[in-house]
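Enquirer: The structure under discussion is supplied below as C-alpha coordinates; questions concerning it will follow.
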Amino acid sequence: ANTLAGVAMLGGKSLFIGSVGSDDTARDYIERTESSGVTARLAKHDAFTGHAITFITSDGERTFATHLGAALRLSPADIKADDIAGSAVLHIEGYLLEAGPLRDAAVGAMAEAKKCGTKVAIDLADPGVVNRNGEALRSIAKEYADILFLNEEETKNLFRIIRELAAQKIAIIYISHRMEEIFEISDRVMVMRDGKYVDDLPTAQTTREELIRL
(Lines give C-alpha, C1' and ligand atoms only; values in the text may rest on other atoms or scores of the structure.)
Protein backbone atom coordinates (compact mmCIF):
# COMPACT_ATOMS: atom_id res chain seq x y z
CA ALA A 1 0.00 0.00 0.00
CA ASN A 2 2.84 2.42 0.77
CA THR A 3 4.42 1.71 -2.62
CA LEU A 4 1.15 2.48 -4.40
CA ALA A 5 0.60 5.62 -2.34
CA GLY A 6 4.05 6.75 -3.50
CA VAL A 7 3.07 6.11 -7.12
CA ALA A 8 -0.08 8.19 -6.62
CA MET A 9 1.91 11.03 -5.03
CA LEU A 10 4.13 11.10 -8.13
CA GLY A 11 1.09 11.47 -10.36
CA GLY A 12 0.61 7.83 -11.35
CA LYS A 13 -2.51 5.69 -11.16
CA SER A 14 -2.48 2.73 -8.80
CA LEU A 15 -4.84 0.05 -7.61
CA PHE A 16 -4.44 -2.04 -4.44
CA ILE A 17 -5.78 -5.60 -4.41
CA GLY A 18 -6.18 -7.28 -1.04
CA SER A 19 -8.50 -8.73 1.55
CA VAL A 20 -10.05 -7.20 4.68
CA GLY A 21 -12.64 -8.11 7.27
CA SER A 22 -16.08 -6.61 7.76
CA ASP A 23 -15.17 -4.38 10.68
CA ASP A 24 -14.42 -0.76 11.55
CA THR A 25 -10.71 -1.30 10.87
CA ALA A 26 -11.52 -2.37 7.32
CA ARG A 27 -13.67 0.69 6.69
CA ASP A 28 -10.94 2.96 8.06
CA TYR A 29 -8.31 1.21 5.94
CA ILE A 30 -10.34 1.59 2.76
CA GLU A 31 -10.97 5.28 3.46
CA ARG A 32 -7.28 5.96 4.15
CA THR A 33 -6.17 4.02 1.07
CA GLU A 34 -8.51 5.92 -1.23
CA SER A 35 -7.71 9.28 0.38
CA SER A 36 -4.07 8.69 -0.63
CA GLY A 37 -5.14 8.51 -4.28
CA VAL A 38 -5.10 4.71 -4.55
CA THR A 39 -8.10 2.75 -5.83
CA ALA A 40 -8.94 0.07 -3.24
CA ARG A 41 -10.02 -3.29 -4.66
CA LEU A 42 -10.40 -5.05 -1.31
CA ALA A 43 -12.43 -8.23 -0.93
CA LYS A 44 -14.33 -8.52 2.35
CA HIS A 45 -14.27 -11.73 4.36
CA ASP A 46 -15.71 -12.89 7.67
CA ALA A 47 -12.56 -12.37 9.72
CA PHE A 48 -10.67 -9.65 11.59
CA THR A 49 -8.82 -7.18 9.38
CA GLY A 50 -5.07 -7.72 9.63
CA HIS A 51 -2.91 -5.21 11.48
CA ALA A 52 0.71 -4.61 12.41
CA ILE A 53 2.50 -3.00 15.35
CA THR A 54 5.71 -1.22 14.33
CA PHE A 55 8.68 -0.99 16.70
CA ILE A 56 11.24 1.69 15.78
CA THR A 57 14.56 2.09 17.58
CA SER A 58 16.29 5.40 18.20
CA ASP A 59 18.69 4.75 15.30
CA GLY A 60 15.84 4.27 12.82
CA GLU A 61 15.79 0.47 12.63
CA ARG A 62 12.33 -1.08 12.70
CA THR A 63 10.57 -4.41 13.08
CA PHE A 64 6.94 -5.52 13.13
CA ALA A 65 4.55 -7.69 15.09
CA THR A 66 1.81 -8.71 12.67
CA HIS A 67 -1.58 -10.39 12.69
CA LEU A 68 -2.57 -11.07 9.08
CA GLY A 69 -6.21 -11.83 9.81
CA ALA A 70 -8.44 -11.52 6.75
CA ALA A 71 -5.41 -10.93 4.52
CA LEU A 72 -4.90 -14.71 4.59
CA ARG A 73 -8.28 -15.15 2.90
CA LEU A 74 -7.13 -13.55 -0.37
CA SER A 75 -7.81 -16.00 -3.19
CA PRO A 76 -7.40 -16.11 -6.97
CA ALA A 77 -11.12 -15.35 -7.24
CA ASP A 78 -10.50 -11.94 -5.62
CA ILE A 79 -8.10 -10.90 -8.41
CA LYS A 80 -9.70 -9.70 -11.62
CA ALA A 81 -7.95 -10.32 -14.94
CA ASP A 82 -9.14 -6.96 -16.29
CA ASP A 83 -7.37 -5.12 -13.46
CA ILE A 84 -4.08 -6.81 -14.36
CA ALA A 85 -4.53 -6.36 -18.11
CA GLY A 86 -5.19 -2.66 -17.58
CA SER A 87 -1.98 -2.13 -15.61
CA ALA A 88 1.53 -1.37 -16.81
CA VAL A 89 3.12 -3.12 -13.80
CA LEU A 90 1.92 -5.72 -11.30
CA HIS A 91 3.81 -5.17 -8.03
CA ILE A 92 4.05 -8.18 -5.70
CA GLU A 93 5.28 -7.98 -2.10
CA GLY A 94 7.47 -10.87 -0.99
CA TYR A 95 5.18 -11.58 1.96
CA LEU A 96 2.59 -12.83 -0.52
CA LEU A 97 5.02 -15.54 -1.62
CA GLU A 98 5.05 -17.45 1.65
CA ALA A 99 3.80 -21.00 1.10
CA GLY A 100 0.03 -21.31 1.11
CA PRO A 101 -3.09 -19.67 -0.39
CA LEU A 102 -1.48 -16.22 -0.65
CA ARG A 103 1.29 -17.61 -2.85
CA ASP A 104 -1.31 -19.35 -5.02
CA ALA A 105 -3.15 -16.05 -5.48
CA ALA A 106 0.06 -14.14 -6.23
CA VAL A 107 1.39 -16.71 -8.69
CA GLY A 108 -1.98 -16.76 -10.42
CA ALA A 109 -1.84 -12.98 -10.76
CA MET A 110 1.71 -13.10 -12.14
CA ALA A 111 0.77 -15.77 -14.64
CA GLU A 112 -2.12 -13.58 -15.82
CA ALA A 113 0.27 -10.61 -16.08
CA LYS A 114 2.64 -12.58 -18.28
CA LYS A 115 -0.26 -13.66 -20.49
CA CYS A 116 -1.44 -10.09 -21.11
CA GLY A 117 1.98 -8.38 -21.31
CA THR A 118 1.92 -6.60 -17.94
CA LYS A 119 5.35 -6.25 -16.32
CA VAL A 120 5.89 -8.01 -12.97
CA ALA A 121 7.84 -6.37 -10.15
CA ILE A 122 8.67 -8.37 -7.02
CA ASP A 123 9.84 -6.81 -3.75
CA LEU A 124 11.43 -9.56 -1.64
CA ALA A 125 10.23 -7.82 1.56
CA ASP A 126 12.78 -9.00 4.16
CA PRO A 127 15.57 -11.57 4.72
CA GLY A 128 13.23 -13.83 6.70
CA VAL A 129 10.98 -14.32 3.70
CA VAL A 130 14.03 -15.22 1.58
CA ASN A 131 15.41 -17.63 4.19
CA ARG A 132 12.10 -19.44 4.57
CA ASN A 133 11.27 -19.63 0.88
CA GLY A 134 14.63 -19.48 -0.90
CA GLU A 135 14.17 -22.14 -3.56
CA ALA A 136 10.56 -21.19 -4.30
CA LEU A 137 11.50 -17.52 -4.61
CA ARG A 138 14.33 -18.33 -7.01
CA SER A 139 11.95 -20.29 -9.21
CA ILE A 140 9.25 -17.60 -9.08
CA ALA A 141 11.73 -14.80 -9.82
CA LYS A 142 13.18 -16.64 -12.81
CA GLU A 143 9.77 -17.43 -14.26
CA TYR A 144 7.87 -14.20 -13.64
CA ALA A 145 10.00 -11.23 -12.52
CA ASP A 146 10.76 -8.37 -14.90
CA ILE A 147 11.91 -6.14 -12.01
CA LEU A 148 13.29 -7.39 -8.70
CA PHE A 149 13.70 -5.17 -5.62
CA LEU A 150 16.39 -6.22 -3.12
CA ASN A 151 17.97 -4.60 -0.11
CA GLU A 152 21.42 -5.50 1.24
CA GLU A 153 20.33 -8.28 3.58
CA GLU A 154 18.12 -9.95 0.98
CA THR A 155 20.89 -9.77 -1.59
CA LYS A 156 23.22 -11.73 0.71
CA ASN A 157 20.77 -14.62 0.47
CA LEU A 158 20.22 -14.39 -3.29
CA PHE A 159 23.56 -13.00 -4.47
CA ARG A 160 24.48 -16.10 -6.41
CA ILE A 161 21.45 -15.88 -8.70
CA ILE A 162 21.59 -12.15 -9.46
CA ARG A 163 23.80 -12.76 -12.50
CA GLU A 164 21.49 -15.52 -13.71
CA LEU A 165 18.50 -13.20 -13.49
CA ALA A 166 20.37 -10.38 -15.18
CA ALA A 167 21.38 -12.76 -17.99
CA GLN A 168 17.66 -13.34 -18.56
CA LYS A 169 17.28 -9.56 -18.91
CA ILE A 170 15.42 -9.20 -15.61
CA ALA A 171 16.00 -5.73 -14.20
CA ILE A 172 17.28 -5.77 -10.62
CA ILE A 173 17.14 -2.66 -8.47
CA TYR A 174 19.77 -3.02 -5.76
CA ILE A 175 19.81 -0.36 -3.04
CA SER A 176 23.13 -0.14 -1.20
CA HIS A 177 25.94 2.08 0.00
CA ARG A 178 28.51 -0.76 -0.17
CA MET A 179 30.86 0.15 -2.99
CA GLU A 180 32.47 -3.26 -3.42
CA GLU A 181 29.11 -4.91 -4.06
CA ILE A 182 27.94 -2.11 -6.37
CA PHE A 183 31.01 -2.49 -8.57
CA GLU A 184 30.83 -6.27 -8.49
CA ILE A 185 27.25 -6.77 -9.69
CA SER A 186 25.87 -3.58 -11.24
CA ASP A 187 25.85 -2.38 -14.83
CA ARG A 188 24.65 1.12 -14.04
CA VAL A 189 24.64 3.27 -10.90
CA MET A 190 22.15 5.91 -9.83
CA VAL A 191 23.28 8.20 -7.00
CA MET A 192 20.74 9.73 -4.63
CA ARG A 193 21.33 11.95 -1.63
CA ASP A 194 18.74 12.94 0.97
CA GLY A 195 16.05 11.38 -1.20
CA LYS A 196 16.97 13.42 -4.27
CA TYR A 197 18.40 12.31 -7.61
CA VAL A 198 22.04 13.35 -8.16
CA ASP A 199 23.32 11.48 -11.24
CA ASP A 200 23.43 8.12 -13.01
CA LEU A 201 26.15 6.57 -15.15
CA PRO A 202 27.54 3.21 -16.36
CA THR A 203 29.44 1.42 -13.58
CA ALA A 204 32.38 0.65 -15.88
CA GLN A 205 32.85 4.36 -16.56
CA THR A 206 33.13 5.53 -12.97
CA THR A 207 35.20 4.95 -9.84
CA ARG A 208 34.58 4.68 -6.13
CA GLU A 209 36.16 8.11 -5.63
CA GLU A 210 33.91 9.72 -8.24
CA LEU A 211 30.77 8.26 -6.72
CA ILE A 212 31.75 9.52 -3.29
CA ARG A 213 32.33 13.01 -4.72
CA LEU A 214 28.86 13.00 -6.23
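Each chain in the C-alpha coordinates gets a letter, A, B and so on, in the order shown; residues start at 1 in every chain, and ligands are counted from 1 in the order they appear.
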Output as a ChimeraX atom specification all residues of segment 1-207 of chain A that backbone DSSP marks as strand (DSSP E or B).
Expert: /A:15-20,39-44,49-56,62-69,89-93,119-123,147-150,171-174,188-193,196-202
Enquirer: Which residues, written as a list of chain:residue names, have at least one atom at most 12 Å from Asn2 of chain A, with only C-alpha atoms counted and residues fewer than 6 positions away on the same chain left out?
Expert: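 Here the answer would be A:Ala8, A:Met9, A:Ser14, A:Leu15, A:Phe16, A:Arg32, A:Thr33, A:Ser36, A:Gly37, A:Val38, A:His91, A:Glu93.
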Enquirer: I need the residue nearest Ala171 of chain A from this list: A:Ala121, A:Ser75, A:Ala136, A:Lys196. Use only C-alpha atoms for the distance.
Expert: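 Among A:Ala121, A:Ser75, A:Ala136, A:Lys196, it is A:Ala121 that comes nearest to Ala171 of chain A.
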Enquirer: A:Arg62, A:Arg138, A:Arg213, A:Lys119: which is nearest Asp199 of chain A, counting only C-alpha atoms?
Expert: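 Of A:Arg62, A:Arg138, A:Arg213, A:Lys119, the one nearest Asp199 of chain A is A:Arg213, counting only C-alpha atoms.
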Enquirer: Taking only C-alpha atoms into account, which of A:Ala71, A:Leu97, A:Ala111, A:Ala1 comes nearest Asn133 of chain A?
Expert: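 Comparing A:Ala71, A:Leu97, A:Ala111, A:Ala1 against Asn133 of chain A, the winner is A:Leu97.
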